[in-house]
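Enquirer: Just dropping this structure here.
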Amino acid sequence: AAPAPSAMAAALEAKASVAALALLNNLPFCVVLSASQHLADAVFHCPALAPAYAFGSMAACLAGVGGNVALVRSGLAFRARVRLAVALQVVALATLTVSTQVAGGAGFAVSLLGTAALGLSQAVGECSHLAAFRAFPPGLGAWGLGTGLAGLVGPLAYLAMARNGASDGDVFATSLLGPALYSLAFARLFAAAERLPAPVDGGLGPARAWTEPSWGGAPAGALATVPLLATAAQDPRSDALNAEDGAP
C-alpha cells in the first residue's frame, strides 16, 4: 500500500530538516576555513601560521569524536548532545568575533581557540545525528546533501560578504544567526519524527528512538555504522535496549 499523504509529508519534512541541520552544523566550520588565510595575513599579520587553522580544527574534530563516545557512554541524551553542539557553536563564533578586535599574536591565539571549539561542535553534532538515523535511514542521504551544500555555501557566503565590505568580525557575528536556525531545524525534525510510522521490521520507531533518554536512538547497530563509535556499542545498556525492542 502507498504511504498515507500525512506520512509522506512528515518524511519530506524530516529529510528537509536533516539537510538543514547538516548545512548548519558544518557551515561555520567552512566559513572559518575560508577566512583563515585573510585572518592570518591581514588581521593578525602572521601569514605563515594560516595552516594552523586547518590543523587546529581537524585536531578538535578528532577530539570531538572521542568526546562524543564518552558522552554517549555517560548516558547523555541525544537532545542534550545536540544542545551541547549548538552551545559550542555559539561560544566559538563569539570567540572568533572578539578575536578580530585583539591585535597580533594574542588575537591569533584567541581565534585558534574559537576554531577549535567549532571543530568540537561539528564533530559532536555530526556523530550524534548520524547515530540516531538508525531510526530514519533516509536521513543519511539528506545529511550528506546538507554537508555538501555547506562546503559550497560557506566559501560563497564569505566571499560575498567580504566583497561587500564586511570585516571578518562582521562575518563571524552574522554567523551567530546559524545556531538559532540550527535549533529551529532540530525542533522541526522532532515534530516530523512524531508523525512518522514505525518501521515494518519491528525496530525502533523514529519518535521512540530519538527520544530514548540515554541512547537517543543509538543502540549497538547504529553506533556500529560510525566506525569510530563502534566501541561505545559494547556498553551493556545497548543489549538491554535491543532486548526491550525485540531487536536480534
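Residue numbers start at 1 in each chain; chains themselves are named A, B, ... in the order of the C-alpha cells; ligands are numbered from 1 in the order shown.
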Need to verify the contact set: Arg83 (chain A), 12 Å, only C-alpha atoms, exclusion of same-chain residues closer than 2 positions in sequence. Can you return it as a PDB file with N, CA and C atoms, in the first residue's frame?
Expert:
ATOM      1  N   ASN A  25      25.254  22.620  10.763  1.00  0.00           N
ATOM      2  CA  ASN A  25      26.286  22.007  11.601  1.00  0.00           C
ATOM      3  C   ASN A  25      27.680  22.260  11.035  1.00  0.00           C
ATOM      4  N   LEU A  76      24.344  10.563  28.360  1.00  0.00           N
ATOM      5  CA  LEU A  76      23.787  11.861  27.987  1.00  0.00           C
ATOM      6  C   LEU A  76      22.869  11.710  26.779  1.00  0.00           C
ATOM      7  N   ALA A  77      21.667  12.239  26.875  1.00  0.00           N
ATOM      8  CA  ALA A  77      20.644  12.054  25.842  1.00  0.00           C
ATOM      9  C   ALA A  77      21.037  12.712  24.525  1.00  0.00           C
ATOM     10  N   PHE A  78      20.448  12.192  23.450  1.00  0.00           N
ATOM     11  CA  PHE A  78      20.685  12.719  22.107  1.00  0.00           C
ATOM     12  C   PHE A  78      20.401  14.219  22.040  1.00  0.00           C
ATOM     13  N   ARG A  79      19.241  14.623  22.547  1.00  0.00           N
ATOM     14  CA  ARG A  79      18.889  16.046  22.505  1.00  0.00           C
ATOM     15  C   ARG A  79      19.919  16.881  23.253  1.00  0.00           C
ATOM     16  N   ALA A  80      20.388  16.395  24.391  1.00  0.00           N
ATOM     17  CA  ALA A  80      21.353  17.148  25.185  1.00  0.00           C
ATOM     18  C   ALA A  80      22.675  17.274  24.453  1.00  0.00           C
ATOM     19  N   ARG A  81      23.069  16.220  23.733  1.00  0.00           N
ATOM     20  CA  ARG A  81      24.324  16.298  22.966  1.00  0.00           C
ATOM     21  C   ARG A  81      24.213  17.306  21.827  1.00  0.00           C
ATOM     22  N   ALA A  85      26.324  20.787  21.154  1.00  0.00           N
ATOM     23  CA  ALA A  85      26.941  21.178  19.885  1.00  0.00           C
ATOM     24  C   ALA A  85      26.556  22.606  19.511  1.00  0.00           C
ATOM     25  N   VAL A  86      25.283  22.953  19.715  1.00  0.00           N
ATOM     26  CA  VAL A  86      24.822  24.311  19.405  1.00  0.00           C
ATOM     27  C   VAL A  86      25.498  25.321  20.332  1.00  0.00           C
ATOM     28  N   ALA A  87      25.584  24.995  21.612  1.00  0.00           N
ATOM     29  CA  ALA A  87      26.220  25.900  22.567  1.00  0.00           C
ATOM     30  C   ALA A  87      27.686  26.121  22.227  1.00  0.00           C
ATOM     31  N   LEU A  88      28.381  25.052  21.846  1.00  0.00           N
ATOM     32  CA  LEU A  88      29.782  25.189  21.442  1.00  0.00           C
ATOM     33  C   LEU A  88      29.922  26.080  20.212  1.00  0.00           C
ATOM     34  N   GLN A  89      28.955  25.959  19.302  1.00  0.00           N
ATOM     35  CA  GLN A  89      28.985  26.792  18.108  1.00  0.00           C
ATOM     36  C   GLN A  89      28.840  28.270  18.464  1.00  0.00           C
ATOM     37  N   VAL A  90      27.935  28.574  19.389  1.00  0.00           N
ATOM     38  CA  VAL A  90      27.754  29.958  19.831  1.00  0.00           C
ATOM     39  C   VAL A  90      29.036  30.489  20.468  1.00  0.00           C
ATOM     40  N   SER A 121      32.302  21.270  18.099  1.00  0.00           N
ATOM     41  CA  SER A 121      30.873  21.368  17.827  1.00  0.00           C
ATOM     42  C   SER A 121      30.485  20.554  16.605  1.00  0.00           C
ATOM     43  N   VAL A 124      30.728  16.644  17.449  1.00  0.00           N
ATOM     44  CA  VAL A 124      29.680  16.167  18.362  1.00  0.00           C
ATOM     45  C   VAL A 124      28.321  16.175  17.663  1.00  0.00           C
ATOM     46  N   GLY A 125      28.032  17.243  16.921  1.00  0.00           N
ATOM     47  CA  GLY A 125      26.764  17.315  16.215  1.00  0.00           C
ATOM     48  C   GLY A 125      26.630  16.227  15.165  1.00  0.00           C
ATOM     49  N   SER A 128      26.400  12.604  16.710  1.00  0.00           N
ATOM     50  CA  SER A 128      25.119  12.410  17.406  1.00  0.00           C
ATOM     51  C   SER A 128      23.995  12.172  16.407  1.00  0.00           C
ATOM     52  N   HIS A 129      23.942  12.973  15.356  1.00  0.00           N
ATOM     53  CA  HIS A 129      22.875  12.823  14.374  1.00  0.00           C
ATOM     54  C   HIS A 129      23.009  11.527  13.573  1.00  0.00           C
ATOM     55  N   PRO A 179      23.251  29.223  14.839  1.00  0.00           N
ATOM     56  CA  PRO A 179      22.793  28.377  15.934  1.00  0.00           C
ATOM     57  C   PRO A 179      21.295  28.497  16.212  1.00  0.00           C
ATOM     58  N   ALA A 180      20.713  29.696  16.021  1.00  0.00           N
ATOM     59  CA  ALA A 180      19.273  29.846  16.213  1.00  0.00           C
ATOM     60  C   ALA A 180      18.512  29.038  15.164  1.00  0.00           C
ATOM     61  N   TYR A 182      19.711  26.466  13.598  1.00  0.00           N
ATOM     62  CA  TYR A 182      20.020  25.068  13.928  1.00  0.00           C
ATOM     63  C   TYR A 182      18.981  24.536  14.917  1.00  0.00           C
ATOM     64  N   SER A 183      18.728  25.302  15.973  1.00  0.00           N
ATOM     65  CA  SER A 183      17.759  24.877  16.986  1.00  0.00           C
ATOM     66  C   SER A 183      16.358  24.749  16.389  1.00  0.00           C
ATOM     67  N   LEU A 184      16.006  25.661  15.488  1.00  0.00           N
ATOM     68  CA  LEU A 184      14.697  25.599  14.845  1.00  0.00           C
ATOM     69  C   LEU A 184      14.572  24.353  13.973  1.00  0.00           C
ATOM     70  N   PHE A 186      16.175  21.585  14.312  1.00  0.00           N
ATOM     71  CA  PHE A 186      16.144  20.411  15.182  1.00  0.00           C
ATOM     72  C   PHE A 186      14.745  20.201  15.749  1.00  0.00           C
ATOM     73  N   ALA A 187      14.077  21.305  16.118  1.00  0.00           N
ATOM     74  CA  ALA A 187      12.704  21.208  16.613  1.00  0.00           C
ATOM     75  C   ALA A 187      11.773  20.682  15.523  1.00  0.00           C
TER      76      ALA A 187
END
Enquirer: Need to verify the contact set: Leu140 (chain A), 12 Å, only C-alpha atoms, exclusion of same-chain residues closer than 3 positions in sequence. Can you return it as a VMD selection string?
Expert: chain A and resid 14 to 19 21 to 22 126 to 127 129 to 137 143 to 147 222 225 to 226
Enquirer: Looking only at alpha helix (DSSP H) from DSSP on the backbone, list the matching residues of region 89-223 of chain A as a VMD selection string.
Expert: chain A and resid 89 to 99 104 to 132 138 to 163 168 to 174 177 to 193 206 to 210 220 to 223
Enquirer: If we count only C-alpha atoms and set the cut-off at 12 Å, which residues sit around region 54-56 of chain A, ignoring sequence neighbours fewer than 2 positions away in its own chain? Please answer as a PDB file with all heavy atoms, in the first residue's frame.
Expert:
ATOM      1  N   PHE A  29      32.095  26.076  10.242  1.00  0.00           N
ATOM      2  CA  PHE A  29      33.391  25.430  10.045  1.00  0.00           C
ATOM      3  C   PHE A  29      33.960  25.810   8.675  1.00  0.00           C
ATOM      4  O   PHE A  29      35.135  26.183   8.545  1.00  0.00           O
ATOM      5  CB  PHE A  29      33.181  23.924  10.156  1.00  0.00           C
ATOM      6  CG  PHE A  29      34.416  23.086  10.160  1.00  0.00           C
ATOM      7  CD1 PHE A  29      35.187  22.952  11.297  1.00  0.00           C
ATOM      8  CD2 PHE A  29      34.806  22.399   9.019  1.00  0.00           C
ATOM      9  CE1 PHE A  29      36.318  22.150  11.313  1.00  0.00           C
ATOM     10  CE2 PHE A  29      35.929  21.605   9.016  1.00  0.00           C
ATOM     11  CZ  PHE A  29      36.697  21.482  10.170  1.00  0.00           C
ATOM     12  N   CYS A  30      33.110  25.751   7.645  1.00  0.00           N
ATOM     13  CA  CYS A  30      33.547  26.076   6.280  1.00  0.00           C
ATOM     14  C   CYS A  30      33.837  27.559   6.125  1.00  0.00           C
ATOM     15  O   CYS A  30      34.763  27.955   5.401  1.00  0.00           O
ATOM     16  CB  CYS A  30      32.484  25.634   5.274  1.00  0.00           C
ATOM     17  SG  CYS A  30      32.225  23.849   5.202  1.00  0.00           S
ATOM     18  N   VAL A  31      33.057  28.395   6.802  1.00  0.00           N
ATOM     19  CA  VAL A  31      33.286  29.848   6.743  1.00  0.00           C
ATOM     20  C   VAL A  31      34.641  30.197   7.345  1.00  0.00           C
ATOM     21  O   VAL A  31      35.410  30.990   6.777  1.00  0.00           O
ATOM     22  CB  VAL A  31      32.149  30.599   7.469  1.00  0.00           C
ATOM     23  CG1 VAL A  31      32.522  32.072   7.665  1.00  0.00           C
ATOM     24  CG2 VAL A  31      30.859  30.492   6.678  1.00  0.00           C
ATOM     25  N   VAL A  32      34.961  29.612   8.485  1.00  0.00           N
ATOM     26  CA  VAL A  32      36.229  29.921   9.150  1.00  0.00           C
ATOM     27  C   VAL A  32      37.417  29.454   8.304  1.00  0.00           C
ATOM     28  O   VAL A  32      38.415  30.174   8.173  1.00  0.00           O
ATOM     29  CB  VAL A  32      36.271  29.281  10.555  1.00  0.00           C
ATOM     30  CG1 VAL A  32      37.667  29.397  11.149  1.00  0.00           C
ATOM     31  CG2 VAL A  32      35.251  29.959  11.450  1.00  0.00           C
ATOM     32  N   LEU A  33      37.324  28.266   7.723  1.00  0.00           N
ATOM     33  CA  LEU A  33      38.416  27.812   6.869  1.00  0.00           C
ATOM     34  C   LEU A  33      38.565  28.720   5.653  1.00  0.00           C
ATOM     35  O   LEU A  33      39.683  28.958   5.174  1.00  0.00           O
ATOM     36  CB  LEU A  33      38.172  26.368   6.427  1.00  0.00           C
ATOM     37  CG  LEU A  33      38.299  25.311   7.529  1.00  0.00           C
ATOM     38  CD1 LEU A  33      38.106  23.913   6.949  1.00  0.00           C
ATOM     39  CD2 LEU A  33      39.654  25.397   8.240  1.00  0.00           C
ATOM     40  N   SER A  34      37.454  29.256   5.141  1.00  0.00           N
ATOM     41  CA  SER A  34      37.521  30.188   4.017  1.00  0.00           C
ATOM     42  C   SER A  34      38.205  31.489   4.432  1.00  0.00           C
ATOM     43  O   SER A  34      38.904  32.112   3.628  1.00  0.00           O
ATOM     44  CB  SER A  34      36.112  30.499   3.501  1.00  0.00           C
ATOM     45  OG  SER A  34      35.466  29.330   3.061  1.00  0.00           O
ATOM     46  N   ALA A  35      37.992  31.895   5.682  1.00  0.00           N
ATOM     47  CA  ALA A  35      38.558  33.155   6.173  1.00  0.00           C
ATOM     48  C   ALA A  35      39.977  33.008   6.708  1.00  0.00           C
ATOM     49  O   ALA A  35      40.631  34.027   6.997  1.00  0.00           O
ATOM     50  CB  ALA A  35      37.665  33.712   7.283  1.00  0.00           C
ATOM     51  N   SER A  36      40.473  31.794   6.827  1.00  0.00           N
ATOM     52  CA  SER A  36      41.720  31.559   7.563  1.00  0.00           C
ATOM     53  C   SER A  36      42.918  32.308   6.994  1.00  0.00           C
ATOM     54  O   SER A  36      43.704  32.890   7.751  1.00  0.00           O
ATOM     55  CB  SER A  36      42.016  30.058   7.634  1.00  0.00           C
ATOM     56  OG  SER A  36      42.163  29.518   6.331  1.00  0.00           O
ATOM     57  N   GLN A  37      43.068  32.325   5.671  1.00  0.00           N
ATOM     58  CA  GLN A  37      44.230  32.996   5.084  1.00  0.00           C
ATOM     59  C   GLN A  37      44.184  34.496   5.338  1.00  0.00           C
ATOM     60  O   GLN A  37      45.184  35.113   5.710  1.00  0.00           O
ATOM     61  CB  GLN A  37      44.299  32.724   3.576  1.00  0.00           C
ATOM     62  CG  GLN A  37      45.556  33.290   2.909  1.00  0.00           C
ATOM     63  CD  GLN A  37      46.834  32.688   3.456  1.00  0.00           C
ATOM     64  OE1 GLN A  37      47.001  31.474   3.443  1.00  0.00           O
ATOM     65  NE2 GLN A  37      47.743  33.516   3.944  1.00  0.00           N
ATOM     66  N   ALA A  40      44.907  35.215   9.130  1.00  0.00           N
ATOM     67  CA  ALA A  40      46.314  35.114   9.500  1.00  0.00           C
ATOM     68  C   ALA A  40      47.140  36.242   8.888  1.00  0.00           C
ATOM     69  O   ALA A  40      48.051  36.776   9.534  1.00  0.00           O
ATOM     70  CB  ALA A  40      46.865  33.762   9.060  1.00  0.00           C
ATOM     71  N   LEU A  49      51.360  31.277   9.554  1.00  0.00           N
ATOM     72  CA  LEU A  49      50.641  30.420  10.507  1.00  0.00           C
ATOM     73  C   LEU A  49      49.225  30.074  10.053  1.00  0.00           C
ATOM     74  O   LEU A  49      48.480  29.429  10.801  1.00  0.00           O
ATOM     75  CB  LEU A  49      50.585  31.099  11.883  1.00  0.00           C
ATOM     76  CG  LEU A  49      51.927  31.310  12.583  1.00  0.00           C
ATOM     77  CD1 LEU A  49      51.722  32.013  13.916  1.00  0.00           C
ATOM     78  CD2 LEU A  49      52.642  29.980  12.790  1.00  0.00           C
ATOM     79  N   ALA A  50      48.853  30.465   8.849  1.00  0.00           N
ATOM     80  CA  ALA A  50      47.492  30.186   8.360  1.00  0.00           C
ATOM     81  C   ALA A  50      47.126  28.702   8.421  1.00  0.00           C
ATOM     82  O   ALA A  50      45.980  28.368   8.767  1.00  0.00           O
ATOM     83  CB  ALA A  50      47.327  30.724   6.943  1.00  0.00           C
ATOM     84  N   PRO A  51      48.061  27.774   8.100  1.00  0.00           N
ATOM     85  CA  PRO A  51      47.686  26.349   8.186  1.00  0.00           C
ATOM     86  C   PRO A  51      47.295  25.888   9.583  1.00  0.00           C
ATOM     87  O   PRO A  51      46.689  24.820   9.732  1.00  0.00           O
ATOM     88  CB  PRO A  51      48.953  25.626   7.700  1.00  0.00           C
ATOM     89  CG  PRO A  51      49.660  26.622   6.843  1.00  0.00           C
ATOM     90  CD  PRO A  51      49.390  27.942   7.512  1.00  0.00           C
ATOM     91  N   ALA A  52      47.611  26.684  10.610  1.00  0.00           N
ATOM     92  CA  ALA A  52      47.256  26.291  11.977  1.00  0.00           C
ATOM     93  C   ALA A  52      45.748  26.205  12.154  1.00  0.00           C
ATOM     94  O   ALA A  52      45.252  25.422  12.978  1.00  0.00           O
ATOM     95  CB  ALA A  52      47.846  27.279  12.977  1.00  0.00           C
ATOM     96  N   MET A  58      40.858  20.376  12.611  1.00  0.00           N
ATOM     97  CA  MET A  58      40.799  18.933  12.385  1.00  0.00           C
ATOM     98  C   MET A  58      41.159  18.160  13.652  1.00  0.00           C
ATOM     99  O   MET A  58      40.556  17.120  13.961  1.00  0.00           O
ATOM    100  CB  MET A  58      41.729  18.533  11.240  1.00  0.00           C
ATOM    101  CG  MET A  58      41.342  19.112   9.902  1.00  0.00           C
ATOM    102  SD  MET A  58      39.648  18.675   9.430  1.00  0.00           S
ATOM    103  CE  MET A  58      39.434  19.685   7.969  1.00  0.00           C
ATOM    104  N   ALA A  59      42.150  18.656  14.403  1.00  0.00           N
ATOM    105  CA  ALA A  59      42.505  18.010  15.667  1.00  0.00           C
ATOM    106  C   ALA A  59      41.326  18.073  16.640  1.00  0.00           C
ATOM    107  O   ALA A  59      41.031  17.101  17.356  1.00  0.00           O
ATOM    108  CB  ALA A  59      43.738  18.681  16.270  1.00  0.00           C
ATOM    109  N   ALA A  60      40.628  19.210  16.645  1.00  0.00           N
ATOM    110  CA  ALA A  60      39.470  19.344  17.527  1.00  0.00           C
ATOM    111  C   ALA A  60      38.338  18.415  17.095  1.00  0.00           C
ATOM    112  O   ALA A  60      37.613  17.877  17.938  1.00  0.00           O
ATOM    113  CB  ALA A  60      38.992  20.794  17.537  1.00  0.00           C
ATOM    114  N   CYS A  61      38.182  18.235  15.777  1.00  0.00           N
ATOM    115  CA  CYS A  61      37.159  17.292  15.292  1.00  0.00           C
ATOM    116  C   CYS A  61      37.440  15.882  15.794  1.00  0.00           C
ATOM    117  O   CYS A  61      36.528  15.171  16.236  1.00  0.00           O
ATOM    118  CB  CYS A  61      37.128  17.294  13.761  1.00  0.00           C
ATOM    119  SG  CYS A  61      36.248  18.685  13.044  1.00  0.00           S
ATOM    120  N   LEU A  62      38.696  15.482  15.724  1.00  0.00           N
ATOM    121  CA  LEU A  62      39.068  14.154  16.212  1.00  0.00           C
ATOM    122  C   LEU A  62      38.788  14.033  17.709  1.00  0.00           C
ATOM    123  O   LEU A  62      38.240  13.026  18.176  1.00  0.00           O
ATOM    124  CB  LEU A  62      40.539  13.884  15.923  1.00  0.00           C
ATOM    125  CG  LEU A  62      41.073  12.504  16.332  1.00  0.00           C
ATOM    126  CD1 LEU A  62      40.306  11.394  15.616  1.00  0.00           C
ATOM    127  CD2 LEU A  62      42.571  12.400  16.019  1.00  0.00           C
ATOM    128  N   ALA A  63      39.128  15.078  18.447  1.00  0.00           N
ATOM    129  CA  ALA A  63      38.843  15.072  19.883  1.00  0.00           C
ATOM    130  C   ALA A  63      37.335  15.037  20.131  1.00  0.00           C
ATOM    131  O   ALA A  63      36.859  14.391  21.069  1.00  0.00           O
ATOM    132  CB  ALA A  63      39.452  16.309  20.535  1.00  0.00           C
ATOM    133  N   ALA A 109      45.887  33.673  18.795  1.00  0.00           N
ATOM    134  CA  ALA A 109      45.689  32.566  19.738  1.00  0.00           C
ATOM    135  C   ALA A 109      44.218  32.434  20.127  1.00  0.00           C
ATOM    136  O   ALA A 109      43.680  31.321  20.203  1.00  0.00           O
ATOM    137  CB  ALA A 109      46.547  32.788  20.984  1.00  0.00           C
ATOM    138  N   SER A 111      41.678  33.364  18.318  1.00  0.00           N
ATOM    139  CA  SER A 111      40.947  32.855  17.150  1.00  0.00           C
ATOM    140  C   SER A 111      41.135  31.352  16.988  1.00  0.00           C
ATOM    141  O   SER A 111      40.223  30.646  16.550  1.00  0.00           O
ATOM    142  CB  SER A 111      41.382  33.591  15.881  1.00  0.00           C
ATOM    143  OG  SER A 111      42.695  33.228  15.477  1.00  0.00           O
ATOM    144  N   LEU A 112      42.310  30.848  17.340  1.00  0.00           N
ATOM    145  CA  LEU A 112      42.531  29.400  17.279  1.00  0.00           C
ATOM    146  C   LEU A 112      41.649  28.666  18.284  1.00  0.00           C
ATOM    147  O   LEU A 112      41.155  27.569  18.005  1.00  0.00           O
ATOM    148  CB  LEU A 112      44.002  29.074  17.535  1.00  0.00           C
ATOM    149  CG  LEU A 112      44.971  29.252  16.370  1.00  0.00           C
ATOM    150  CD1 LEU A 112      46.376  28.833  16.793  1.00  0.00           C
ATOM    151  CD2 LEU A 112      44.526  28.447  15.152  1.00  0.00           C
ATOM    152  N   LEU A 113      41.468  29.258  19.457  1.00  0.00           N
ATOM    153  CA  LEU A 113      40.574  28.650  20.442  1.00  0.00           C
ATOM    154  C   LEU A 113      39.147  28.571  19.892  1.00  0.00           C
ATOM    155  O   LEU A 113      38.455  27.562  20.061  1.00  0.00           O
ATOM    156  CB  LEU A 113      40.591  29.457  21.744  1.00  0.00           C
ATOM    157  CG  LEU A 113      41.868  29.373  22.587  1.00  0.00           C
ATOM    158  CD1 LEU A 113      41.773  30.312  23.783  1.00  0.00           C
ATOM    159  CD2 LEU A 113      42.096  27.940  23.063  1.00  0.00           C
ATOM    160  N   GLY A 114      38.707  29.644  19.252  1.00  0.00           N
ATOM    161  CA  GLY A 114      37.380  29.637  18.654  1.00  0.00           C
ATOM    162  C   GLY A 114      37.259  28.602  17.556  1.00  0.00           C
ATOM    163  O   GLY A 114      36.241  27.903  17.448  1.00  0.00           O
ATOM    164  N   THR A 115      38.302  28.470  16.747  1.00  0.00           N
ATOM    165  CA  THR A 115      38.296  27.479  15.674  1.00  0.00           C
ATOM    166  C   THR A 115      38.238  26.066  16.239  1.00  0.00           C
ATOM    167  O   THR A 115      37.527  25.199  15.711  1.00  0.00           O
ATOM    168  CB  THR A 115      39.553  27.641  14.798  1.00  0.00           C
ATOM    169  OG1 THR A 115      39.591  28.978  14.281  1.00  0.00           O
ATOM    170  CG2 THR A 115      39.553  26.657  13.641  1.00  0.00           C
ATOM    171  N   ALA A 116      38.978  25.829  17.318  1.00  0.00           N
ATOM    172  CA  ALA A 116      38.949  24.507  17.948  1.00  0.00           C
ATOM    173  C   ALA A 116      37.563  24.200  18.507  1.00  0.00           C
ATOM    174  O   ALA A 116      37.071  23.064  18.396  1.00  0.00           O
ATOM    175  CB  ALA A 116      39.995  24.441  19.060  1.00  0.00           C
ATOM    176  N   ALA A 117      36.910  25.189  19.096  1.00  0.00           N
ATOM    177  CA  ALA A 117      35.559  24.981  19.613  1.00  0.00           C
ATOM    178  C   ALA A 117      34.590  24.636  18.488  1.00  0.00           C
ATOM    179  O   ALA A 117      33.690  23.807  18.653  1.00  0.00           O
ATOM    180  CB  ALA A 117      35.082  26.222  20.364  1.00  0.00           C
ATOM    181  N   LEU A 118      34.782  25.233  17.315  1.00  0.00           N
ATOM    182  CA  LEU A 118      33.952  24.902  16.166  1.00  0.00           C
ATOM    183  C   LEU A 118      34.171  23.459  15.731  1.00  0.00           C
ATOM    184  O   LEU A 118      33.233  22.757  15.351  1.00  0.00           O
ATOM    185  CB  LEU A 118      34.253  25.836  14.987  1.00  0.00           C
ATOM    186  CG  LEU A 118      33.413  27.099  14.853  1.00  0.00           C
ATOM    187  CD1 LEU A 118      33.777  27.829  13.570  1.00  0.00           C
ATOM    188  CD2 LEU A 118      31.932  26.781  14.880  1.00  0.00           C
ATOM    189  N   GLY A 119      35.438  23.018  15.767  1.00  0.00           N
ATOM    190  CA  GLY A 119      35.724  21.630  15.417  1.00  0.00           C
ATOM    191  C   GLY A 119      35.035  20.657  16.360  1.00  0.00           C
ATOM    192  O   GLY A 119      34.470  19.645  15.928  1.00  0.00           O
ATOM    193  N   LEU A 120      35.061  20.969  17.652  1.00  0.00           N
ATOM    194  CA  LEU A 120      34.369  20.123  18.628  1.00  0.00           C
ATOM    195  C   LEU A 120      32.869  20.098  18.354  1.00  0.00           C
ATOM    196  O   LEU A 120      32.231  19.043  18.371  1.00  0.00           O
ATOM    197  CB  LEU A 120      34.624  20.650  20.037  1.00  0.00           C
ATOM    198  CG  LEU A 120      36.027  20.452  20.628  1.00  0.00           C
ATOM    199  CD1 LEU A 120      36.144  21.209  21.938  1.00  0.00           C
ATOM    200  CD2 LEU A 120      36.325  18.973  20.829  1.00  0.00           C
TER     201      LEU A 120
END
